[in-house]
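Note: the block below is protein-v3.txt and it holds compact mmCIF, C-alpha atoms and all ligand atoms.
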```
# COMPACT_ATOMS: atom_id res chain seq x y z
CA MET A 19 0.00 0.00 0.00
CA ARG A 20 1.35 3.44 -0.96
CA VAL A 21 0.67 5.84 1.92
CA THR A 22 1.20 9.61 1.93
CA ILE A 23 1.45 11.47 5.23
CA ILE A 24 0.84 15.21 5.14
CA GLY A 25 2.70 16.61 8.16
CA GLY A 26 5.13 13.72 8.58
CA SER A 27 7.67 15.78 10.53
CA GLY A 28 5.19 16.47 13.36
CA PHE A 29 4.85 14.56 16.61
CA VAL A 30 2.14 12.19 15.37
CA GLY A 31 3.48 12.17 11.79
CA GLN A 32 6.97 11.01 12.84
CA HIS A 33 5.59 8.18 14.96
CA LEU A 34 3.11 7.06 12.33
CA THR A 35 5.85 7.09 9.68
CA ALA A 36 8.03 4.90 11.91
CA THR A 37 5.16 2.54 12.76
CA LEU A 38 4.25 1.97 9.11
CA SER A 39 7.89 1.54 8.20
CA VAL A 40 8.50 -1.04 10.93
CA ALA A 41 5.27 -2.81 10.00
CA GLY A 42 6.67 -3.31 6.50
CA HIS A 43 4.91 -0.69 4.37
CA ALA A 44 7.53 -0.29 1.67
CA SER A 45 6.16 2.89 0.16
CA ILE A 46 5.58 5.83 2.47
CA ARG A 47 5.68 9.38 1.20
CA VAL A 48 5.87 12.35 3.53
CA LEU A 49 5.14 15.99 2.76
CA SER A 50 6.96 18.33 5.10
CA ARG A 51 8.41 21.82 5.25
CA SER A 52 11.05 20.46 7.61
CA PRO A 53 12.51 17.32 5.97
CA GLY A 54 15.35 17.24 8.50
CA ARG A 55 12.85 16.59 11.27
CA VAL A 56 11.19 13.53 9.75
CA PHE A 57 13.93 11.20 11.06
CA ALA A 58 15.00 13.51 13.90
CA ASP A 59 14.28 11.04 16.69
CA ALA A 60 14.37 7.86 14.64
CA ARG A 61 15.53 5.48 17.38
CA ARG A 62 12.76 6.42 19.76
CA ALA A 63 10.12 6.60 17.01
CA LEU A 64 11.07 3.10 15.81
CA GLY A 65 10.72 1.84 19.41
CA VAL A 66 7.25 3.37 19.63
CA GLY A 67 6.45 1.92 16.20
CA LEU A 68 7.54 -1.56 17.29
CA GLY A 69 5.31 -1.26 20.37
CA ALA A 70 2.40 -0.48 18.05
CA VAL A 71 3.26 -3.44 15.81
CA GLU A 72 3.32 -5.77 18.84
CA THR A 73 -0.18 -4.53 19.72
CA LEU A 74 -1.33 -5.12 16.14
CA GLY A 75 0.08 -8.65 16.43
CA GLY A 76 -1.72 -9.13 19.76
CA ILE A 77 -5.11 -8.47 18.18
CA GLY A 78 -4.43 -10.56 15.10
CA ALA A 79 -4.10 -7.65 12.64
CA LEU A 80 -0.55 -8.84 11.90
CA SER A 81 0.68 -12.44 11.90
CA ALA A 82 3.42 -13.75 14.21
CA GLU A 83 5.76 -13.86 11.17
CA GLU A 84 5.02 -10.24 10.32
CA VAL A 85 5.71 -9.17 13.91
CA ALA A 86 8.99 -11.11 13.92
CA ALA A 87 10.01 -9.41 10.65
CA ALA A 88 9.08 -6.04 12.19
CA ARG A 89 11.37 -6.70 15.18
CA GLU A 90 14.20 -7.39 12.77
CA ARG A 91 13.47 -4.20 10.82
CA ALA A 92 13.28 -2.04 13.96
CA GLY A 93 16.66 -3.41 15.01
CA ARG A 94 18.22 -2.00 11.85
CA GLY A 95 17.47 1.55 12.98
CA GLU A 96 17.22 4.64 10.82
CA ALA A 97 18.25 2.74 7.66
CA VAL A 98 14.78 1.15 7.62
CA LEU A 99 13.17 4.58 7.48
CA ARG A 100 15.50 5.79 4.76
CA GLU A 101 14.68 2.75 2.62
CA SER A 102 10.90 3.03 2.88
CA VAL A 103 10.22 6.76 3.21
CA GLU A 104 10.31 9.32 0.42
CA ILE A 105 10.28 12.91 1.61
CA ILE A 106 8.76 15.68 -0.47
CA GLU A 107 9.79 19.09 0.81
CA GLY A 108 6.97 21.58 0.55
CA ASP A 109 4.30 23.68 2.19
CA ALA A 110 0.90 22.04 2.47
CA ARG A 111 -0.72 25.35 1.50
CA ASP A 112 0.95 25.00 -1.89
CA TRP A 113 -1.20 23.20 -4.48
CA ASN A 114 1.70 21.77 -6.49
CA SER A 115 3.43 20.34 -3.41
CA VAL A 116 0.26 18.67 -2.14
CA ARG A 117 -0.64 17.37 -5.60
CA ALA A 118 2.82 15.83 -6.00
CA ALA A 119 2.59 14.28 -2.54
CA VAL A 120 -0.80 12.61 -3.01
CA SER A 121 -0.24 11.54 -6.61
CA GLY A 122 -0.28 7.72 -6.83
CA ALA A 123 -1.23 7.27 -3.18
CA ASP A 124 -3.57 4.46 -2.14
CA ALA A 125 -4.27 6.33 1.07
CA VAL A 126 -3.49 9.77 2.48
CA VAL A 127 -3.16 10.64 6.17
CA HIS A 128 -3.73 14.34 6.81
CA ALA A 129 -1.89 15.12 10.07
CA VAL A 130 -1.44 18.89 9.84
CA GLY A 131 -3.14 21.15 12.33
CA ILE A 132 -2.14 24.13 14.45
CA ILE A 133 -3.51 25.13 17.84
CA ARG A 134 -1.63 28.47 17.81
CA GLU A 135 -1.88 31.18 15.22
CA THR A 136 1.35 32.99 14.43
CA GLU A 137 2.24 35.67 11.94
CA GLY A 138 1.45 34.34 8.46
CA ARG A 139 -0.19 31.19 9.86
CA SER A 140 -3.88 31.34 10.71
CA PHE A 141 -6.43 28.71 11.70
CA ARG A 142 -8.23 29.58 8.47
CA ASP A 143 -5.34 29.04 6.08
CA THR A 144 -3.83 26.05 7.89
CA ASN A 145 -6.59 24.06 9.59
CA ILE A 146 -9.29 24.75 7.02
CA GLY A 147 -7.33 25.78 3.91
CA ILE A 148 -4.90 22.85 3.92
CA THR A 149 -7.75 20.39 4.43
CA GLN A 150 -9.48 21.79 1.35
CA THR A 151 -6.24 21.67 -0.65
CA VAL A 152 -5.65 18.03 0.30
CA ILE A 153 -9.21 17.09 -0.68
CA ASP A 154 -9.01 18.97 -4.01
CA ALA A 155 -5.58 17.56 -4.87
CA MET A 156 -6.71 14.01 -4.08
CA ARG A 157 -9.73 14.47 -6.32
CA ASP A 158 -7.49 15.85 -9.07
CA VAL A 159 -5.17 12.82 -9.08
CA GLY A 160 -7.87 10.24 -8.39
CA ALA A 161 -6.77 9.32 -4.86
CA ALA A 162 -9.78 8.43 -2.73
CA ARG A 163 -8.86 7.12 0.72
CA LEU A 164 -8.37 9.93 3.26
CA ILE A 165 -7.65 9.52 6.96
CA TYR A 166 -8.10 12.86 8.68
CA LEU A 167 -6.62 13.46 12.11
CA GLY A 168 -9.13 15.69 13.83
CA ILE A 169 -9.62 16.59 17.47
CA LEU A 170 -12.00 15.74 20.25
CA GLY A 171 -13.72 19.01 21.08
CA ALA A 172 -14.23 20.33 17.55
CA SER A 173 -17.34 22.47 17.78
CA ASP A 174 -19.23 25.19 15.98
CA ASP A 175 -19.02 27.46 19.04
CA GLU A 176 -17.85 30.92 17.91
CA SER A 177 -16.11 31.57 21.22
CA MET A 178 -13.71 28.68 20.52
CA PRO A 179 -11.83 29.74 17.37
CA TYR A 180 -9.50 26.75 17.31
CA GLY A 181 -12.22 24.13 17.86
CA ARG A 182 -14.40 25.91 15.33
CA SER A 183 -11.72 25.78 12.63
CA ARG A 184 -11.36 22.05 13.25
CA PHE A 185 -15.14 21.60 13.12
CA GLN A 186 -15.23 23.32 9.74
CA ALA A 187 -12.30 21.26 8.43
CA GLU A 188 -14.06 18.09 9.58
CA GLY A 189 -17.15 19.21 7.66
CA LEU A 190 -15.09 19.51 4.48
CA VAL A 191 -13.79 15.97 4.97
CA ARG A 192 -17.30 14.57 5.55
CA GLU A 193 -18.46 16.17 2.30
CA SER A 194 -15.40 15.10 0.32
CA GLY A 195 -16.76 11.75 -0.89
CA PRO A 196 -17.38 8.29 0.49
CA ASP A 197 -13.85 7.24 1.36
CA TRP A 198 -12.84 9.23 4.42
CA THR A 199 -12.22 8.23 8.03
CA ILE A 200 -11.92 10.80 10.81
CA VAL A 201 -9.95 10.01 13.97
CA LYS A 202 -10.58 12.44 16.84
CA PRO A 203 -8.26 11.88 19.79
CA SER A 204 -8.16 13.58 23.18
CA LEU A 205 -4.65 14.49 24.32
CA VAL A 206 -1.90 12.37 22.72
CA LEU A 207 1.28 12.04 24.77
CA GLY A 208 4.88 11.09 24.05
CA VAL A 209 8.37 12.47 24.47
CA SER A 210 8.04 15.18 21.82
CA ASP A 211 4.41 16.32 22.12
CA ALA A 212 3.79 20.04 22.58
CA VAL A 213 1.69 19.82 25.76
CA SER A 214 4.27 17.76 27.65
CA ARG A 215 7.05 20.11 26.53
CA ARG A 216 5.13 23.18 27.75
CA MET A 217 4.17 21.54 31.02
CA VAL A 218 7.76 20.47 31.74
CA LYS A 219 8.99 23.97 30.87
CA LEU A 220 6.56 25.49 33.38
CA LEU A 221 7.43 22.94 36.06
CA ARG A 222 11.16 23.58 35.67
CA THR A 223 11.05 27.37 35.40
CA GLY A 224 12.14 28.33 38.92
CA PRO A 225 13.08 26.96 42.35
CA VAL A 226 9.39 26.19 42.94
CA ALA A 227 6.98 25.20 40.21
CA VAL A 228 4.12 27.60 39.71
CA LEU A 229 1.38 26.47 37.36
CA PRO A 230 -1.17 29.03 36.23
CA LEU A 231 -3.87 26.52 35.32
CA PRO A 232 -7.16 27.73 33.86
CA ASP A 233 -10.02 27.15 36.32
CA GLY A 234 -7.58 25.48 38.71
CA GLY A 235 -6.76 22.75 36.19
CA ARG A 236 -10.10 21.02 36.67
CA THR A 237 -10.63 20.35 32.95
CA LEU A 238 -10.65 16.62 32.29
CA MET A 239 -8.48 15.00 29.63
CA GLN A 240 -8.39 11.42 28.37
CA PRO A 241 -4.74 11.03 27.44
CA MET A 242 -3.46 8.22 25.26
CA HIS A 243 0.08 7.28 24.30
CA VAL A 244 1.13 8.04 20.72
CA SER A 245 1.95 4.37 20.16
CA ASP A 246 -1.73 3.49 20.72
CA LEU A 247 -2.81 6.24 18.33
CA THR A 248 -0.59 4.80 15.60
CA VAL A 249 -2.26 1.40 16.15
CA VAL A 250 -5.64 3.07 15.56
CA LEU A 251 -4.38 4.87 12.45
CA SER A 252 -2.82 1.66 11.07
CA LEU A 253 -6.14 -0.16 11.49
CA CYS A 254 -7.99 2.68 9.73
CA LEU A 255 -5.51 2.52 6.86
CA THR A 256 -5.79 -1.21 6.30
CA ASP A 257 -9.53 -1.69 6.87
CA ALA A 258 -11.70 -0.30 4.05
CA GLY A 259 -14.76 -1.06 6.21
CA ARG A 260 -13.92 2.01 8.27
CA ALA A 261 -14.70 4.41 5.43
CA GLY A 262 -17.37 7.00 6.21
CA LYS A 263 -16.84 6.75 9.96
CA ALA A 264 -15.61 9.21 12.60
CA TYR A 265 -14.04 7.87 15.78
CA GLU A 266 -13.74 9.78 19.04
CA ILE A 267 -10.95 8.16 21.00
CA GLY A 268 -8.89 8.49 24.18
CA GLY A 269 -7.11 6.49 26.83
CA PRO A 270 -8.76 4.37 29.52
CA GLU A 271 -9.21 7.12 32.14
CA HIS A 272 -10.33 10.70 32.63
CA ILE A 273 -7.65 12.81 34.35
CA SER A 274 -7.72 16.49 35.29
CA LEU A 275 -4.95 18.73 34.02
CA ARG A 276 -4.03 19.39 37.67
CA ASP A 277 -3.55 15.68 38.37
CA MET A 278 -1.55 15.25 35.18
CA ALA A 279 0.74 18.10 36.23
CA ARG A 280 1.13 16.53 39.69
CA ALA A 281 2.07 13.18 38.12
CA PHE A 282 4.63 14.88 35.87
CA ALA A 283 6.11 16.73 38.85
CA ASP A 284 6.42 13.45 40.80
CA GLN A 285 8.31 11.87 37.90
CA LEU A 286 10.63 14.88 37.70
CA GLY A 287 11.26 14.83 41.44
CA ILE A 288 9.65 18.25 41.93
CA ARG A 289 7.97 18.22 45.31
CA ARG A 290 6.49 21.68 45.59
CA VAL A 291 3.99 22.63 42.94
CA TYR A 292 1.74 25.63 43.38
CA ASN A 293 -1.34 25.62 41.23
CA VAL A 294 -2.51 29.17 40.75
CA PRO A 295 -6.20 28.77 39.97
CA MET A 296 -6.59 31.45 37.34
CA PRO A 297 -10.17 32.70 37.10
CA ARG A 298 -11.40 32.98 33.57
CA PHE A 299 -11.63 36.78 33.37
CA ALA A 300 -8.02 37.11 34.58
CA LEU A 301 -6.87 34.53 32.07
CA ASN A 302 -8.62 36.25 29.21
CA ILE A 303 -6.83 39.52 29.97
CA GLY A 304 -3.54 37.75 30.80
CA THR A 305 -3.38 35.61 27.68
CA ALA A 306 -4.22 38.59 25.46
CA MET A 307 -1.34 40.56 27.02
CA LEU A 308 1.10 37.64 26.95
CA GLY A 309 0.27 37.05 23.30
CA ARG A 310 1.46 40.56 22.52
CA ILE A 311 4.60 40.44 24.62
CA LEU A 312 5.93 36.88 24.27
CA LYS A 313 6.81 34.99 21.10
CA ASP A 314 6.00 31.64 22.73
CA PRO A 315 3.56 32.31 25.62
CA PRO A 316 2.79 29.44 28.06
CA ILE A 317 -0.86 29.53 26.99
CA THR A 318 -2.87 31.42 24.38
CA ALA A 319 -6.39 32.83 24.38
CA ALA A 320 -7.52 30.16 21.88
CA GLU A 321 -6.13 27.35 24.05
CA THR A 322 -7.78 28.82 27.15
CA SER A 323 -11.16 28.95 25.45
CA GLN A 324 -10.75 25.31 24.40
CA LEU A 325 -10.16 24.30 28.04
CA ARG A 326 -13.62 25.48 29.04
CA VAL A 327 -14.98 22.04 28.25
CA ASP A 328 -13.70 18.60 29.21
CA ASN A 329 -11.79 16.87 26.41
CA ILE A 330 -13.19 13.39 26.92
CA THR A 331 -15.22 10.58 25.38
CA THR A 332 -16.35 7.16 26.64
CA LEU A 333 -13.66 5.24 28.49
CA ASP A 334 -14.00 2.11 26.35
CA ALA A 335 -13.93 3.94 22.98
CA VAL A 336 -10.73 2.30 21.68
CA GLU A 337 -11.53 -1.13 23.06
CA ARG A 338 -15.02 -0.99 21.52
CA ASP A 339 -14.02 0.29 18.06
CA PHE A 340 -10.51 -1.11 17.65
CA GLY A 341 -10.37 -4.20 19.85
CA PHE A 342 -7.43 -3.38 22.12
CA SER A 343 -6.91 -1.60 25.44
CA PRO A 344 -4.83 1.55 25.23
CA ARG A 345 -2.28 1.85 28.03
CA PRO A 346 -3.28 3.77 31.16
CA PHE A 347 -1.42 7.03 31.92
CA ALA A 348 0.43 5.55 34.92
CA ALA A 349 1.92 2.81 32.72
CA TYR A 350 3.86 5.24 30.54
CA VAL A 351 4.07 8.56 32.45
CA GLU A 352 7.78 7.92 33.08
CA TYR A 353 8.37 9.16 29.51
CA VAL A 354 8.17 12.71 30.87
CA LYS A 355 11.70 12.36 32.29
CA ASP A 356 12.96 12.38 28.69
CA VAL A 357 10.96 15.42 27.58
CA VAL A 358 13.16 18.31 26.50
CA PRO A 359 11.15 21.52 26.97
N1 LIG A 401 -0.76 15.86 19.87
C1 LIG A 401 -2.00 15.81 20.36
O1 LIG A 401 -2.21 15.78 21.57
C2 LIG A 401 -3.18 15.76 19.41
C3 LIG A 401 -4.43 15.45 19.94
C4 LIG A 401 -5.53 15.42 19.09
C5 LIG A 401 -5.37 15.68 17.74
N2 LIG A 401 -4.13 15.99 17.26
C6 LIG A 401 -4.02 16.34 15.85
O2 LIG A 401 -3.06 15.55 15.19
C7 LIG A 401 -2.45 16.32 14.15
C8 LIG A 401 -0.94 16.28 14.33
O3 LIG A 401 -0.66 16.77 15.63
P1 LIG A 401 0.83 16.83 16.19
O4 LIG A 401 0.74 16.74 17.66
O5 LIG A 401 1.68 15.85 15.46
O6 LIG A 401 1.23 18.30 15.82
P2 LIG A 401 2.67 18.88 15.42
O7 LIG A 401 3.75 18.14 16.11
O8 LIG A 401 2.58 20.34 15.61
O9 LIG A 401 2.76 18.55 13.88
C9 LIG A 401 2.04 19.26 12.95
C10 LIG A 401 2.69 19.08 11.63
O10 LIG A 401 2.05 19.93 10.69
C11 LIG A 401 3.03 20.52 9.88
N3 LIG A 401 2.59 21.74 9.27
C12 LIG A 401 1.98 22.82 9.83
N4 LIG A 401 1.75 23.74 8.89
C13 LIG A 401 2.21 23.22 7.72
C14 LIG A 401 2.25 23.67 6.39
N5 LIG A 401 1.75 24.85 6.05
N6 LIG A 401 2.81 22.88 5.45
C15 LIG A 401 3.32 21.66 5.78
N7 LIG A 401 3.29 21.17 7.02
C16 LIG A 401 2.75 21.95 7.97
C17 LIG A 401 4.18 20.75 10.82
O11 LIG A 401 5.35 20.93 10.05
P3 LIG A 401 6.42 22.10 10.34
O12 LIG A 401 7.34 21.49 11.34
O13 LIG A 401 7.04 22.34 9.03
O14 LIG A 401 5.65 23.28 10.88
C18 LIG A 401 4.17 19.46 11.59
O15 LIG A 401 4.85 18.45 10.89
C19 LIG A 401 -3.01 17.74 14.26
O16 LIG A 401 -4.08 17.89 13.39
C20 LIG A 401 -3.51 17.76 15.70
O17 LIG A 401 -4.53 18.69 15.92
C21 LIG A 401 -3.03 16.02 18.06
```
Render the structure in this file as structure tokens.
Amino acid sequence: MRVTIIGGSGFVGQHLTATLSVAGHASIRVLSRSPGRVFADARRALGVGLGAVETLGGIGALSAEEVAAARERAGRGEAVLRESVEIIEGDARDWNSVRAAVSGADAVVHAVGIIRETEGRSFRDTNIGITQTVIDAMRDVGAARLIYLGILGASDDESMPYGRSRFQAEGLVRESGPDWTIVKPSLVLGVSDAVSRRMVKLLRTGPVAVLPLPDGGRTLMQPMHVSDLTVVLSLCLTDAGRAGKAYEIGGPEHISLRDMARAFADQLGIRRVYNVPMPRFALNIGTAMLGRILKDPPITAAETSQLRVDNITTLDAVERDFGFSPRPFAAYVEYVKDVVP
């Protein structure tokens, strides 16, 4: 199967690329503006990919021989990625780049999305515009199968600009034809994800950790490890019966942001953590000011608005729809020791 990944240098994109490569997909094409980052953490990504392959073997999606071959491939390191992955350097807002990337693909995974707007990069042109470009380019070259990585919490609520842009992008995918699948995860965690990096940065800022958590960090998340997400994406890619379906997914528990931060601090050996329960009105003013002063503020107004609602679905979502149990947070939280903020 020839698979194209739009956004293959990102956190999810890198791990999916490695998982497919270890699993033996010989033809993977990646569109990225940052080709140097696609193999940036190859050793770790291959380890995560092998974990996903073992899970696929456990549920019978791969045979024992295929899993054994995957172990051998993972052992060969970055060379495996270089043999199976073709990188196309380009911006996903550029028609020609996207068209070249999806040309000849049996399936396309669209894994580009931004939660922060920066100069020259808006929710409209990236989250919505790129989705439209991918759909149009696929239609132009006759590629039909699209796996879209959406978010839990996409909504038409005007006061949530990020979630709204994702809701609109999802609408484009649903109208694109019969052969789409939408995967909507809660928080996805791993050594290089943006939330863990920001959290660790805040926890390590001074002699005592001060966390300005919106509403006291009461918002519930349903974190899952990136390895389990790549299992879900692999199953969507290989099972045509999943066309026309949207899956809300998450890990096996609901955890508040405050409890997640506490668990991270414990792993990092930080004993004193002060949660500053920021009331919403103060946050609104604060994030607006920080956005003007800092290039990389700890939290933005769009992120704050998104945290008004819990980011959760049913606890058995993955088990029910994909036939395996994603790992609980406590089983992998140790990863945070390796996070470089
Ligand atoms: N991580 C999570 O917790 C989580 C949870 C739910 C859903 N998701 C969704 O999963 C998808 C991937 O998330 P992620 O965590 O992997 O994010 P990420 O690490 O920020 O990766 C996003 C990728 O998009 C690329 N990108 C952005 N603008 C681009 C453009 N104009 N042209 C080409 N590439 C562009 C980035 O490349 P550059 O490096 O070149 O900018 C990067 O490779 C997103 O849609 C996200 O919303 C993630």
Step by step, measure atom-to-atom distances between ligand LIG 401 (chain A) and each residue using all atoms listed in the file, keep those at most 8 Å, then write them as a ChimeraX atom specification. /A:24-32,49-52,55,108-112,128-133,139,144-145,148,166-170,202-207,210-213,241
May I have the centre and edge lengths, in Å to one decimal, of an axis-aligned box around the listed atoms of stretch 116-128 of chain A with 3 Å added to every side, as AutoDock Vina command-line options?
```
--center_x -0.7 --center_y 11.6 --center_z 0.0 --size_x 13.1 --size_y 20.2 --size_z 19.6
```
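Put simply, atom CA of A:Ala335 is 5.5 Å away from atom CA of A:Ile267.
Counting only C-alpha atoms and comparing A:Ala88, A:Ala82, A:Ala125, A:Met178, the residue that lies closest to A:Val327 is A:Met178.
Atom to atom, atom CA of A:Gly42 and atom CA of A:Glu104 stand 14.5 Å apart.
With all atoms listed in the file as the basis for measurement, A:Val209 is the residue among A:Val209, A:Glu83, A:Gly75, A:Asp339 that approaches A:Asp59 most closely.
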Just want the 12 Å neighbourhood of stretch 194-196 of chain A, counted on only C-alpha atoms, with same-chain residues fewer than 3 positions away dropped. Output as a ChimeraX atom specification. /A:149-157,160-166,187-191,199-200,258-263
Residues of stretch 51-108 of chain A within 8 Å of stretch 37-41 of chain A: nearest atom pair and distance (Å, one decimal) for each, counting only C-alpha atoms, sorted by chain and number, as CSV?
```
residue,atom,partner,partner_atom,distance
A:Ala63,CA,A:Thr37,CA,7.7
A:Leu64,CA,A:Thr37,CA,6.7
A:Val66,CA,A:Thr37,CA,7.2
A:Gly67,CA,A:Thr37,CA,3.7
A:Leu68,CA,A:Val40,CA,6.5
A:Ala70,CA,A:Thr37,CA,6.7
A:Val71,CA,A:Ala41,CA,6.2
A:Glu84,CA,A:Ala41,CA,7.4
A:Val85,CA,A:Ala41,CA,7.5
A:Ala88,CA,A:Val40,CA,5.2
A:Arg89,CA,A:Val40,CA,7.6
A:Arg91,CA,A:Val40,CA,5.9
A:Ala92,CA,A:Val40,CA,5.7
A:Val98,CA,A:Ser39,CA,6.9
A:Leu99,CA,A:Ser39,CA,6.1
A:Ser102,CA,A:Ser39,CA,6.3
A:Val103,CA,A:Ser39,CA,7.6
```
Can you save stretch 90-132 of chain A of the given block to a file, including C-alpha atoms and formatted as a tab-separated table (two decimals), in the first residue's frame?
```tsv
chain	number	residue	atom	x	y	z
A	90	GLU	CA	14.20	-7.39	12.77
A	91	ARG	CA	13.47	-4.20	10.82
A	92	ALA	CA	13.28	-2.04	13.96
A	93	GLY	CA	16.66	-3.41	15.01
A	94	ARG	CA	18.22	-2.00	11.85
A	95	GLY	CA	17.47	1.55	12.98
A	96	GLU	CA	17.22	4.64	10.82
A	97	ALA	CA	18.25	2.74	7.66
A	98	VAL	CA	14.78	1.15	7.62
A	99	LEU	CA	13.17	4.58	7.48
A	100	ARG	CA	15.50	5.79	4.76
A	101	GLU	CA	14.68	2.75	2.62
A	102	SER	CA	10.90	3.03	2.88
A	103	VAL	CA	10.22	6.76	3.21
A	104	GLU	CA	10.31	9.32	0.42
A	105	ILE	CA	10.28	12.91	1.61
A	106	ILE	CA	8.76	15.68	-0.47
A	107	GLU	CA	9.79	19.09	0.81
A	108	GLY	CA	6.97	21.58	0.55
A	109	ASP	CA	4.30	23.68	2.19
A	110	ALA	CA	0.90	22.04	2.47
A	111	ARG	CA	-0.72	25.35	1.50
A	112	ASP	CA	0.95	25.00	-1.89
A	113	TRP	CA	-1.20	23.20	-4.48
A	114	ASN	CA	1.70	21.77	-6.49
A	115	SER	CA	3.43	20.34	-3.41
A	116	VAL	CA	0.26	18.67	-2.14
A	117	ARG	CA	-0.64	17.37	-5.60
A	118	ALA	CA	2.82	15.83	-6.00
A	119	ALA	CA	2.59	14.28	-2.54
A	120	VAL	CA	-0.80	12.61	-3.01
A	121	SER	CA	-0.24	11.54	-6.61
A	122	GLY	CA	-0.28	7.72	-6.83
A	123	ALA	CA	-1.23	7.27	-3.18
A	124	ASP	CA	-3.57	4.46	-2.14
A	125	ALA	CA	-4.27	6.33	1.07
A	126	VAL	CA	-3.49	9.77	2.48
A	127	VAL	CA	-3.16	10.64	6.17
A	128	HIS	CA	-3.73	14.34	6.81
A	129	ALA	CA	-1.89	15.12	10.07
A	130	VAL	CA	-1.44	18.89	9.84
A	131	GLY	CA	-3.14	21.15	12.33
A	132	ILE	CA	-2.14	24.13	14.45
```
